[in-house]
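**Q** What follows is data.txt, made up of compact mmCIF, C-alpha atoms:
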```
# COMPACT_ATOMS: atom_id res chain seq x y z
CA MET A 1 0.00 0.00 0.00
CA SER A 2 1.39 3.38 -0.95
CA GLY A 3 1.03 6.69 0.89
CA ILE A 4 2.49 7.78 4.17
CA GLN A 5 2.10 5.09 6.79
CA LYS A 6 0.88 5.90 10.29
CA GLU A 7 4.22 5.07 11.88
CA HIS A 8 6.42 6.44 9.16
CA GLU A 9 9.99 7.36 10.04
CA LEU A 10 9.20 10.95 8.98
CA HIS A 11 6.67 11.25 11.81
CA LYS A 12 9.25 10.17 14.35
CA ARG A 13 11.83 12.64 13.05
CA ARG A 14 9.41 15.53 13.06
CA LYS A 15 7.65 14.66 16.30
CA GLY A 16 9.42 17.38 18.30
CA ARG A 17 8.69 20.09 15.76
CA ASN A 18 5.05 19.09 15.33
CA THR A 19 4.48 18.92 19.08
CA SER A 20 5.99 22.39 19.54
CA VAL A 21 3.80 23.89 16.80
CA GLY A 22 0.76 22.22 18.40
CA VAL A 23 1.62 23.63 21.83
CA ALA A 24 2.18 27.13 20.33
CA LEU A 25 -1.25 27.01 18.63
CA ALA A 26 -2.92 25.80 21.83
CA LEU A 27 -1.34 28.68 23.78
CA PHE A 28 -2.54 31.13 21.11
CA VAL A 29 -6.11 29.83 21.50
CA ALA A 30 -5.82 30.10 25.31
CA LEU A 31 -4.54 33.68 25.00
CA ILE A 32 -7.46 34.74 22.80
CA PHE A 33 -9.87 33.10 25.24
CA ALA A 34 -8.29 34.88 28.23
CA VAL A 35 -8.30 38.28 26.52
CA THR A 36 -11.94 37.77 25.45
CA ILE A 37 -13.00 37.07 29.04
CA VAL A 38 -11.13 40.16 30.31
CA LYS A 39 -12.53 42.43 27.57
CA LEU A 40 -16.09 41.25 28.20
CA ASN A 41 -15.69 42.16 31.88
CA GLN A 42 -14.46 45.70 31.16
CA PRO A 43 -16.62 48.78 30.55
CA GLN A 44 -15.72 48.86 26.87
CA GLY A 45 -17.62 52.02 25.96
CA VAL A 46 -15.38 54.22 28.09
CA ASP A 47 -12.26 52.08 27.75
CA ILE A 48 -9.43 54.10 26.24
CA LYS A 49 -7.76 50.85 25.19
CA ALA A 50 -10.58 50.14 22.76
CA PRO A 51 -11.29 53.46 21.06
CA ASN A 52 -12.70 51.66 18.02
CA PHE A 53 -15.56 50.29 20.10
CA SER A 54 -18.35 52.25 21.75
CA LEU A 55 -21.63 51.38 23.44
CA ASP A 56 -23.39 53.91 21.21
CA ALA A 57 -22.42 51.93 18.13
CA VAL A 58 -23.95 48.79 19.66
CA SER A 59 -27.23 50.44 20.65
CA GLU A 60 -27.89 51.94 17.21
CA MET B 1 3.10 17.56 -15.40
CA GLY B 2 2.76 16.58 -11.78
CA GLU B 3 3.91 13.26 -10.40
CA ILE B 4 2.25 11.08 -7.85
CA MET B 5 4.42 11.36 -4.77
CA THR B 6 5.09 8.06 -3.07
CA ASP B 7 7.01 7.47 0.16
CA ALA B 8 10.09 6.66 -1.89
CA THR B 9 10.10 9.82 -3.99
CA TYR B 10 9.21 11.93 -0.98
CA MET B 11 12.11 10.54 1.04
CA ALA B 12 14.47 11.13 -1.87
CA ASP B 13 13.40 14.79 -1.99
CA THR B 14 13.80 15.52 1.71
CA GLN B 15 16.95 17.21 2.95
CA GLU B 16 19.25 15.48 5.38
CA TYR B 17 18.58 18.11 8.04
CA ASP B 18 15.08 18.47 9.44
CA THR B 19 14.32 22.02 10.54
CA GLN B 20 13.48 22.06 14.23
CA PHE B 21 11.09 24.41 16.03
CA GLY B 22 14.07 26.10 17.70
CA ASP B 23 15.47 27.02 14.27
CA TYR B 24 12.30 28.96 13.53
CA VAL B 25 12.56 30.64 16.94
CA ASP B 26 16.16 31.65 16.07
CA LEU B 27 14.76 33.46 13.00
CA LEU B 28 12.97 35.84 15.35
CA LYS B 29 16.25 37.04 16.94
CA PRO B 30 15.38 36.06 20.53
CA ARG B 31 18.10 38.26 22.05
CA VAL B 32 16.73 41.37 20.33
CA MET B 33 13.23 40.27 21.35
CA ARG B 34 14.26 40.27 25.01
CA LEU B 35 15.22 43.94 24.80
CA VAL B 36 11.99 44.71 22.91
CA VAL B 37 9.87 42.93 25.54
CA PHE B 38 11.63 44.77 28.34
CA THR B 39 11.45 48.28 26.85
CA ALA B 40 7.85 47.80 25.67
CA ALA B 41 6.90 46.62 29.17
CA VAL B 42 8.53 49.69 30.72
CA GLY B 43 6.63 51.94 28.29
CA LEU B 44 3.39 50.18 29.21
CA PHE B 45 3.86 50.02 32.99
CA THR B 46 5.15 53.59 33.43
CA ALA B 47 2.14 55.03 31.59
CA PRO B 48 -0.43 56.81 33.77
CA VAL B 49 -3.26 54.48 32.65
CA ALA B 50 -3.53 51.09 34.33
CA VAL B 51 -3.75 48.09 32.00
CA HIS B 52 -5.21 44.70 32.97
CA PRO B 53 -2.36 42.17 33.43
CA VAL B 54 -3.80 39.79 30.80
CA ILE B 55 -4.09 42.62 28.24
CA ALA B 56 -0.58 43.79 29.16
CA PHE B 57 0.83 40.28 28.64
CA ALA B 58 -1.03 39.77 25.34
CA THR B 59 -0.03 43.14 23.89
CA ILE B 60 3.65 42.84 24.90
CA LEU B 61 3.64 39.39 23.28
CA CYS B 62 2.27 40.95 20.07
CA ILE B 63 4.99 43.63 20.10
CA ALA B 64 7.66 40.94 20.67
CA ILE B 65 6.32 38.73 17.85
CA GLY B 66 6.11 41.76 15.54
CA ALA B 67 9.73 42.63 16.31
CA GLY B 68 10.69 38.99 15.75
CA ALA B 69 8.85 38.94 12.42
CA SER B 70 10.80 41.97 11.23
CA GLY B 71 13.96 40.12 12.31
CA ALA B 72 12.95 37.14 10.14
CA LEU B 73 12.35 39.46 7.16
CA ASN B 74 15.75 41.07 7.81
CA MET B 75 17.41 37.61 7.80
CA TRP B 76 15.63 36.71 4.57
CA TRP B 77 16.82 39.88 2.84
CA ASP B 78 20.35 39.85 4.29
CA ALA B 79 21.07 36.11 3.87
CA ASP B 80 23.87 36.87 1.38
CA ILE B 81 25.81 39.21 3.67
CA ASP B 82 25.05 37.12 6.79
CA ALA B 83 26.92 34.27 5.10
CA VAL B 84 30.03 36.46 4.76
CA MET B 85 30.20 38.00 8.24
CA LYS B 86 31.67 35.93 11.10
CA ARG B 87 29.15 37.28 13.59
CA THR B 88 26.18 36.08 11.51
CA THR B 89 27.30 32.89 9.73
CA SER B 90 25.54 30.71 12.31
CA ARG B 91 22.15 32.36 11.66
CA PRO B 92 19.43 29.92 10.48
CA ILE B 93 19.58 30.73 6.73
CA PRO B 94 23.37 30.88 6.09
CA SER B 95 23.87 27.78 8.24
CA GLY B 96 21.30 25.91 6.11
CA ARG B 97 18.87 25.18 8.94
CA VAL B 98 15.99 27.20 7.43
CA THR B 99 15.37 28.07 3.78
CA ALA B 100 15.04 31.71 2.65
CA GLY B 101 11.47 31.01 1.48
CA GLU B 102 10.47 29.73 4.92
CA ALA B 103 11.96 32.84 6.56
CA LEU B 104 9.98 35.11 4.21
CA ALA B 105 6.75 33.19 4.83
CA ILE B 106 7.22 33.23 8.61
CA GLY B 107 8.19 36.91 8.59
CA LEU B 108 5.16 38.00 6.57
CA THR B 109 2.68 35.79 8.42
CA LEU B 110 3.84 36.82 11.89
CA SER B 111 3.99 40.51 10.87
CA PHE B 112 0.37 40.41 9.74
CA MET B 113 -0.78 38.36 12.75
CA SER B 114 1.02 40.49 15.36
CA VAL B 115 -0.32 43.79 13.99
CA MET B 116 -3.85 42.43 13.68
CA MET B 117 -3.84 40.92 17.18
CA LEU B 118 -2.36 44.09 18.73
CA GLY B 119 -5.21 46.05 17.12
CA LEU B 120 -7.71 43.68 18.72
CA PHE B 121 -5.99 43.25 22.11
CA GLY B 122 -4.85 46.87 22.48
CA ASN B 123 -5.86 49.64 20.13
CA LEU B 124 -5.53 50.65 16.49
CA PHE B 125 -2.97 53.38 17.18
CA ALA B 126 -0.56 50.95 18.85
CA ALA B 127 -1.13 48.46 16.01
CA GLY B 128 -0.36 51.19 13.45
CA LEU B 129 2.87 52.04 15.26
CA LEU B 130 3.88 48.35 15.27
CA ALA B 131 3.13 48.05 11.54
CA PHE B 132 5.25 51.14 10.89
CA THR B 133 8.10 49.72 13.02
CA ILE B 134 8.12 46.44 11.05
CA PHE B 135 8.04 48.38 7.76
CA PHE B 136 10.82 50.68 8.96
CA TYR B 137 13.13 47.84 10.02
CA ALA B 138 12.47 45.48 7.12
CA VAL B 139 12.14 47.96 4.25
CA VAL B 140 13.66 51.33 5.21
CA TYR B 141 16.62 49.94 7.20
CA SER B 142 17.33 46.45 5.78
CA MET B 143 16.43 46.93 2.12
CA TRP B 144 17.32 50.57 1.63
CA LEU B 145 19.69 52.20 4.16
CA LYS B 146 21.89 49.34 5.37
CA ARG B 147 23.75 48.88 2.08
CA SER B 148 23.62 52.47 0.85
CA THR B 149 24.70 54.94 3.57
CA PRO B 150 27.16 55.01 6.48
CA HIS B 151 24.39 56.62 8.50
CA ASN B 152 22.34 53.41 8.18
CA ILE B 153 22.49 52.81 11.91
CA VAL B 154 21.46 56.38 12.80
CA ILE B 155 18.16 56.33 10.91
CA GLY B 156 17.67 52.57 11.27
CA GLY B 157 17.97 52.93 15.04
CA ALA B 158 14.43 54.28 15.05
CA ALA B 159 13.10 50.75 14.53
CA GLY B 160 14.59 49.61 17.84
CA ALA B 161 13.41 52.77 19.58
CA PHE B 162 9.69 52.31 18.91
CA PRO B 163 8.81 49.47 21.39
CA PRO B 164 8.49 51.66 24.55
CA MET B 165 6.40 54.09 22.50
CA ILE B 166 4.13 51.22 21.40
CA GLY B 167 3.85 50.00 25.01
CA TRP B 168 2.89 53.54 26.08
CA ALA B 169 0.36 53.74 23.22
CA VAL B 170 -1.24 50.47 24.34
CA ALA B 171 -1.99 52.05 27.73
CA THR B 172 -2.81 55.63 26.75
CA GLY B 173 -3.94 55.33 23.13
CA GLY B 174 -1.53 58.11 22.08
CA VAL B 175 1.91 59.73 22.22
CA SER B 176 3.28 62.16 24.81
CA ILE B 177 6.57 63.78 25.81
CA GLU B 178 7.48 60.79 28.03
CA SER B 179 7.17 58.24 25.23
CA ILE B 180 8.96 60.58 22.80
CA LEU B 181 11.89 60.90 25.25
CA MET B 182 12.02 57.10 25.77
CA PHE B 183 12.11 56.78 21.97
CA ALA B 184 14.85 59.44 21.75
CA LEU B 185 16.92 57.71 24.46
CA ILE B 186 17.17 54.47 22.43
CA PHE B 187 17.40 56.32 19.10
CA VAL B 188 20.43 58.41 20.11
CA TRP B 189 22.00 55.53 22.09
CA THR B 190 21.99 53.20 19.05
CA PRO B 191 24.75 54.89 16.94
CA PRO B 192 27.49 54.95 19.63
CA HIS B 193 26.52 51.39 20.64
CA PHE B 194 26.84 49.99 17.09
CA TRP B 195 29.81 52.11 16.05
CA ALA B 196 31.75 50.81 19.06
CA LEU B 197 30.96 47.29 17.78
CA ALA B 198 31.88 48.30 14.23
CA LEU B 199 35.30 49.51 15.42
CA PHE B 200 36.36 46.03 16.50
CA ARG B 201 34.28 44.19 13.84
CA ASN B 202 35.48 46.41 11.00
CA GLU B 203 36.85 43.51 8.92
CA ASP B 204 33.45 41.79 8.98
CA TYR B 205 31.67 44.81 7.55
CA LYS B 206 34.42 45.36 4.98
CA ALA B 207 34.11 41.75 3.81
CA ALA B 208 30.33 42.09 3.45
CA ASN B 209 30.70 45.47 1.69
CA ILE B 210 28.41 47.22 4.17
CA PRO B 211 29.10 50.98 4.33
CA MET B 212 29.50 51.21 8.11
CA LEU B 213 31.10 54.46 9.25
CA PRO B 214 34.57 52.95 10.04
CA VAL B 215 34.61 51.39 6.54
CA THR B 216 33.63 54.55 4.63
CA SER B 217 35.09 57.37 6.72
CA GLY B 218 37.73 55.68 8.85
CA THR B 219 38.01 55.03 12.56
CA ARG B 220 39.03 58.62 13.46
CA VAL B 221 35.70 60.00 12.21
CA THR B 222 33.84 57.12 13.87
CA ARG B 223 35.43 57.87 17.25
CA SER B 224 34.44 61.55 16.92
CA HIS B 225 30.88 60.54 16.02
CA ILE B 226 30.67 58.23 19.07
CA LEU B 227 31.67 61.14 21.31
CA ALA B 228 29.27 63.58 19.61
CA TYR B 229 26.29 61.24 19.96
CA SER B 230 27.21 60.48 23.58
CA VAL B 231 27.18 64.23 24.34
CA LEU B 232 23.77 64.48 22.67
CA LEU B 233 22.49 61.43 24.59
CA ALA B 234 23.18 62.78 28.10
CA PRO B 235 20.63 65.66 28.12
CA ILE B 236 17.94 63.37 26.67
CA ALA B 237 18.56 60.77 29.39
CA LEU B 238 18.54 63.46 32.09
CA ALA B 239 15.42 65.20 30.70
CA LEU B 240 13.39 62.04 31.37
CA ALA B 241 14.05 62.58 35.09
CA PHE B 242 11.95 65.76 34.96
CA THR B 243 8.83 64.26 33.37
CA GLN B 244 5.86 62.54 35.03
CA ILE B 245 7.66 59.18 34.87
CA GLY B 246 10.99 60.43 36.27
CA GLY B 247 12.13 61.11 39.81
CA PRO B 248 15.20 61.41 42.06
CA LEU B 249 16.16 57.73 41.80
CA TYR B 250 16.13 57.83 38.01
CA PHE B 251 17.99 61.15 38.05
CA ALA B 252 20.77 59.73 40.27
CA VAL B 253 21.13 56.63 38.06
CA ALA B 254 21.07 58.66 34.81
CA ALA B 255 23.62 61.17 36.12
CA ALA B 256 26.05 58.44 37.20
CA PHE B 257 25.70 56.29 34.06
CA ASN B 258 25.91 59.23 31.66
CA ALA B 259 29.07 60.47 33.37
CA VAL B 260 30.69 57.03 32.91
CA PHE B 261 29.35 56.76 29.33
CA LEU B 262 30.73 60.20 28.41
CA PHE B 263 34.08 59.37 29.99
CA GLY B 264 34.19 56.10 28.01
CA ALA B 265 33.34 57.91 24.76
CA PHE B 266 36.03 60.50 25.51
CA ARG B 267 38.61 57.75 26.06
CA LEU B 268 37.64 56.09 22.75
CA TRP B 269 38.01 59.47 21.03
CA GLN B 270 41.54 59.84 22.46
CA ARG B 271 42.67 56.40 21.29
CA SER B 272 44.34 55.69 17.98
CA ASP B 273 44.18 52.51 15.88
CA GLN B 274 47.69 51.59 17.02
CA THR B 275 46.69 51.73 20.70
CA ALA B 276 43.49 49.81 19.97
CA ASP B 277 45.37 47.12 18.02
CA ALA B 278 47.93 46.82 20.80
CA ASP B 279 45.37 45.86 23.46
CA VAL B 280 42.98 44.03 21.05
CA TYR B 281 40.32 46.78 21.20
CA ARG B 282 39.86 46.34 24.94
CA ALA B 283 38.39 49.82 25.57
CA GLU B 284 36.05 49.55 22.55
CA LYS B 285 34.75 46.18 23.71
CA ARG B 286 34.27 47.47 27.24
CA PHE B 287 32.41 50.55 25.96
CA PHE B 288 30.16 48.30 23.84
CA MET B 289 29.34 46.05 26.81
CA PHE B 290 28.79 49.06 29.07
CA SER B 291 26.40 50.59 26.53
CA ILE B 292 24.12 47.53 26.90
CA LEU B 293 24.15 47.93 30.68
CA TYR B 294 23.57 51.70 30.28
CA LEU B 295 20.28 51.25 28.42
CA PHE B 296 19.09 48.40 30.65
CA VAL B 297 19.74 50.36 33.86
CA HIS B 298 17.92 53.49 32.59
CA PHE B 299 14.78 51.48 31.89
CA VAL B 300 15.06 49.58 35.19
CA ALA B 301 15.23 52.96 36.96
CA LEU B 302 12.07 54.15 35.16
CA LEU B 303 10.33 50.94 36.23
CA ALA B 304 11.54 51.46 39.82
CA GLU B 305 10.11 55.00 39.81
CA ALA B 306 6.76 53.62 38.61
CA ALA B 307 6.82 51.03 41.42
CA LEU B 308 7.63 53.73 44.01
CA ARG B 309 4.73 55.88 42.76
CA ALA B 310 2.38 52.89 42.90
CA LEU B 311 3.40 52.34 46.54
CA ASP B 312 2.95 56.06 47.31
CA LEU B 313 6.66 56.36 47.99
CA GLY B 314 7.34 58.89 45.23
CA VAL B 315 8.73 62.35 46.05
CA ALA B 316 5.73 64.70 45.99
CA ASN B 317 7.51 67.97 45.15
CA TRP B 318 9.92 66.59 42.52
CA PRO B 319 10.06 69.15 39.66
CA VAL B 320 8.26 68.16 36.46
CA TRP B 321 9.45 70.46 33.70
CA PHE B 322 8.33 68.57 30.62
```
Spell out the structure here as structure tokens.
**A**
Amino acid sequence: MSGIQKEHELHKRRKGRNTSVGVALALFVALIFAVTIVKLNQPQGVDIKAPNFSLDAVSE
Amino acid sequence: MGEIMTDATYMADTQEYDTQFGDYVDLLKPRVMRLVVFTAAVGLFTAPVAVHPVIAFATILCIAIGAGASGALNMWWDADIDAVMKRTTSRPIPSGRVTAGEALAIGLTLSFMSVMMLGLFGNLFAAGLLAFTIFFYAVVYSMWLKRSTPHNIVIGGAAGAFPPMIGWAVATGGVSIESILMFALIFVWTPPHFWALALFRNEDYKAANIPMLPVTSGTRVTRSHILAYSVLLAPIALALAFTQIGGPLYFAVAAAFNAVFLFGAFRLWQRSDQTADADVYRAEKRFFMFSILYLFVHFVALLAEAALRALDLGVANWPVWF
């Protein structure tokens, strides 16, 4: 059978790199989640850190 | 016409060396990133607007990744000269660990991602500043100035000076005299720092045909320029003491370190090539190492002043002139 086998030697060689990329992506997801929670708990309309967002824009 | 790729053909095409995750990290110039993280954090934490710790962490990470991305683009563009200079031959591309195409792809992707995420995590102004910094380092400095003028490092130094200004912009949404002076401190510090390095790495730059000041105008002119910029640097460093983020502790540190820095620059100015050759550029190397400590200590002192103010231990009647 052709095609890359499940336990191909290539997988073993690249295991470290693939694991690191996976961990980096997981941390990126966790960071976005954490920032989302913090932003949702802040009074965004008067928040100087988010000048592109205002409560007025939401209520219109 | 395309071929069906089997295990056998795929294995035949692969290189002997498999790029590791650490090689990609090396593309981002981790040592430069450390300085960027530190100065951006000082800009953010000394600002008069409090930032949530999670937002602070996320935005500083974006600034660091953006700086790293511009480093990757710089390595992609400069791969030919990196291969010639001793100091840079072990970088990922000249050493064959990462291909130029990969460096370009990583640089562009991370540039776009870091700017976009900083806009979402922080604000659009800070994101715009980061985008400009990446453009300035990758295009204005690397592609244009570095190979064309001996003042490459003077103008290019702006790229390294932006991080505290971006950190300040994350907190305040704008620019003020404090962030401009932090920018100016790094901007004016950069030429004497790199010219001191260029004095004892002159052969490297000659070999790579980069018009660094010692190559184009000689070491005498370079020594004079180091002294001139050091004289210009002192009032900028001291002026920060008399802003909202300064104070007596910072003033004492700045006064002491600028006196030593000026004395070091004066000694370099007095030296000739014969003296420098005789002691293997000892004074130049010491000045270069001290310049790193100089910048680090100034920013630590600003951070210490911010901590003292937060603990209500600041001096109430300290003069604020700017």
**Q** Can you tell me, as a PDB file with C-alpha atoms, keeping the file's coordinate frame, what residues are no more than 9 Å from stretch 21-36 of chain A when counting all atoms listed in the file, ignoring any on the same chain fewer than 5 positions away?
**A**
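Full text of part_23.pdb as output:
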```pdb
ATOM      1  CA  GLY A  16       9.420  17.380  18.300  1.00  0.00           C
ATOM      2  CA  ASN A  41     -15.690  42.160  31.880  1.00  0.00           C
TER       3      ASN A  41
ATOM      4  CA  PHE B  21      11.090  24.410  16.030  1.00  0.00           C
ATOM      5  CA  VAL B  54      -3.800  39.790  30.800  1.00  0.00           C
ATOM      6  CA  ILE B  55      -4.090  42.620  28.240  1.00  0.00           C
ATOM      7  CA  ALA B  58      -1.030  39.770  25.340  1.00  0.00           C
ATOM      8  CA  PHE B 121      -5.990  43.250  22.110  1.00  0.00           C
TER       9      PHE B 121
END
```
**Q** Near stretch 25-33 of chain B, counting all atoms listed in the file, which residues have an atom at most 12 Å away, once you skip same-chain residues fewer than 4 positions from it, shown as an mmCIF file with C-alpha atoms, keeping the file's coordinate frame?
**A**
```cif
data_model
loop_
_atom_site.group_PDB
_atom_site.id
_atom_site.type_symbol
_atom_site.label_atom_id
_atom_site.label_comp_id
_atom_site.auth_asym_id
_atom_site.auth_seq_id
_atom_site.Cartn_x
_atom_site.Cartn_y
_atom_site.Cartn_z
ATOM 1 C CA ARG A 17 8.690 20.090 15.760
ATOM 2 C CA SER A 20 5.990 22.390 19.540
ATOM 3 C CA VAL A 21 3.800 23.890 16.800
ATOM 4 C CA ALA A 24 2.180 27.130 20.330
ATOM 5 C CA THR B 19 14.320 22.020 10.540
ATOM 6 C CA GLN B 20 13.480 22.060 14.230
ATOM 7 C CA PHE B 21 11.090 24.410 16.030
ATOM 8 C CA VAL B 37 9.870 42.930 25.540
ATOM 9 C CA PHE B 38 11.630 44.770 28.340
ATOM 10 C CA THR B 39 11.450 48.280 26.850
ATOM 11 C CA ALA B 40 7.850 47.800 25.670
ATOM 12 C CA ALA B 41 6.900 46.620 29.170
ATOM 13 C CA ILE B 60 3.650 42.840 24.900
ATOM 14 C CA LEU B 61 3.640 39.390 23.280
ATOM 15 C CA CYS B 62 2.270 40.950 20.070
ATOM 16 C CA ILE B 63 4.990 43.630 20.100
ATOM 17 C CA ALA B 64 7.660 40.940 20.670
ATOM 18 C CA ILE B 65 6.320 38.730 17.850
ATOM 19 C CA GLY B 66 6.110 41.760 15.540
ATOM 20 C CA ALA B 67 9.730 42.630 16.310
ATOM 21 C CA GLY B 68 10.690 38.990 15.750
ATOM 22 C CA ALA B 69 8.850 38.940 12.420
ATOM 23 C CA SER B 70 10.800 41.970 11.230
ATOM 24 C CA GLY B 71 13.960 40.120 12.310
ATOM 25 C CA ALA B 72 12.950 37.140 10.140
ATOM 26 C CA LEU B 73 12.350 39.460 7.160
ATOM 27 C CA ASN B 74 15.750 41.070 7.810
ATOM 28 C CA MET B 75 17.410 37.610 7.800
ATOM 29 C CA TRP B 76 15.630 36.710 4.570
ATOM 30 C CA ALA B 79 21.070 36.110 3.870
ATOM 31 C CA THR B 88 26.180 36.080 11.510
ATOM 32 C CA SER B 90 25.540 30.710 12.310
ATOM 33 C CA ARG B 91 22.150 32.360 11.660
ATOM 34 C CA PRO B 92 19.430 29.920 10.480
ATOM 35 C CA ILE B 93 19.580 30.730 6.730
ATOM 36 C CA PRO B 94 23.370 30.880 6.090
ATOM 37 C CA SER B 95 23.870 27.780 8.240
ATOM 38 C CA ARG B 97 18.870 25.180 8.940
ATOM 39 C CA VAL B 98 15.990 27.200 7.430
ATOM 40 C CA THR B 99 15.370 28.070 3.780
ATOM 41 C CA ALA B 100 15.040 31.710 2.650
ATOM 42 C CA GLU B 102 10.470 29.730 4.920
ATOM 43 C CA ALA B 103 11.960 32.840 6.560
ATOM 44 C CA LEU B 104 9.980 35.110 4.210
ATOM 45 C CA ALA B 105 6.750 33.190 4.830
ATOM 46 C CA ILE B 106 7.220 33.230 8.610
ATOM 47 C CA GLY B 107 8.190 36.910 8.590
ATOM 48 C CA LEU B 108 5.160 38.000 6.570
ATOM 49 C CA LEU B 110 3.840 36.820 11.890
ATOM 50 C CA SER B 111 3.990 40.510 10.870
ATOM 51 C CA ALA B 159 13.100 50.750 14.530
ATOM 52 C CA GLY B 160 14.590 49.610 17.840
ATOM 53 C CA ALA B 161 13.410 52.770 19.580
ATOM 54 C CA PRO B 163 8.810 49.470 21.390
ATOM 55 C CA ILE B 292 24.120 47.530 26.900
#
```
**Q** Tell me, in Å to one decimal, how far atom CA of B:Leu199 is from atom CA of B:Val215.
**A** 9.1 Å
**Q** Tell me, in Å to one decimal, how far atom CA of B:Ile166 is from atom CA of B:Ala304.
**A**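 Computing the Euclidean distance for atom CA of B:Ile166 and atom CA of B:Ala304 yields 19.9 Å.
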**Q** Quick one: pull the distance between atom CA of B:Ala265 and atom CA of B:Phe251, Å, one decimal.
**A**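 The value is 20.6 Å.
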**Q** Taking only C-alpha atoms into account, which of B:Met85, B:Ala171, B:Ile236, B:Ile153 comes nearest chain A?
**A** B:Ala171
**Q** Using all atoms listed in the file, which chain B residues lie at most 12 Å away from chain A, written as a PyMOL selection string?
**A** chain B and resi 4-11+14-25+44+49-59+61-62+113-114+117-127+167-174
**Q** Take the residues from that selection and put them in a file with C-alpha atoms, as a compact mmCIF listing (two decimals), in the frame of the given file.
**A**
```
# COMPACT_ATOMS: atom_id res chain seq x y z
CA ILE B 4 2.25 11.08 -7.85
CA MET B 5 4.42 11.36 -4.77
CA THR B 6 5.09 8.06 -3.07
CA ASP B 7 7.01 7.47 0.16
CA ALA B 8 10.09 6.66 -1.89
CA THR B 9 10.10 9.82 -3.99
CA TYR B 10 9.21 11.93 -0.98
CA MET B 11 12.11 10.54 1.04
CA THR B 14 13.80 15.52 1.71
CA GLN B 15 16.95 17.21 2.95
CA GLU B 16 19.25 15.48 5.38
CA TYR B 17 18.58 18.11 8.04
CA ASP B 18 15.08 18.47 9.44
CA THR B 19 14.32 22.02 10.54
CA GLN B 20 13.48 22.06 14.23
CA PHE B 21 11.09 24.41 16.03
CA GLY B 22 14.07 26.10 17.70
CA ASP B 23 15.47 27.02 14.27
CA TYR B 24 12.30 28.96 13.53
CA VAL B 25 12.56 30.64 16.94
CA LEU B 44 3.39 50.18 29.21
CA VAL B 49 -3.26 54.48 32.65
CA ALA B 50 -3.53 51.09 34.33
CA VAL B 51 -3.75 48.09 32.00
CA HIS B 52 -5.21 44.70 32.97
CA PRO B 53 -2.36 42.17 33.43
CA VAL B 54 -3.80 39.79 30.80
CA ILE B 55 -4.09 42.62 28.24
CA ALA B 56 -0.58 43.79 29.16
CA PHE B 57 0.83 40.28 28.64
CA ALA B 58 -1.03 39.77 25.34
CA THR B 59 -0.03 43.14 23.89
CA LEU B 61 3.64 39.39 23.28
CA CYS B 62 2.27 40.95 20.07
CA MET B 113 -0.78 38.36 12.75
CA SER B 114 1.02 40.49 15.36
CA MET B 117 -3.84 40.92 17.18
CA LEU B 118 -2.36 44.09 18.73
CA GLY B 119 -5.21 46.05 17.12
CA LEU B 120 -7.71 43.68 18.72
CA PHE B 121 -5.99 43.25 22.11
CA GLY B 122 -4.85 46.87 22.48
CA ASN B 123 -5.86 49.64 20.13
CA LEU B 124 -5.53 50.65 16.49
CA PHE B 125 -2.97 53.38 17.18
CA ALA B 126 -0.56 50.95 18.85
CA ALA B 127 -1.13 48.46 16.01
CA GLY B 167 3.85 50.00 25.01
CA TRP B 168 2.89 53.54 26.08
CA ALA B 169 0.36 53.74 23.22
CA VAL B 170 -1.24 50.47 24.34
CA ALA B 171 -1.99 52.05 27.73
CA THR B 172 -2.81 55.63 26.75
CA GLY B 173 -3.94 55.33 23.13
CA GLY B 174 -1.53 58.11 22.08
```
**Q** Got a sec to check which residues sit within 10 Å of (39.6, 55.4, 24.8), counting only C-alpha atoms, and write them as a list in words?
**A**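 Residues found, by chain and rising number: Arg223, Phe263, Gly264, Ala265, Phe266, Arg267, Leu268, Trp269, Gln270, Arg271, Ser272, Thr275, Ala276, Tyr281, Arg282, Ala283, Glu284, Arg286 and Phe287 of chain B.
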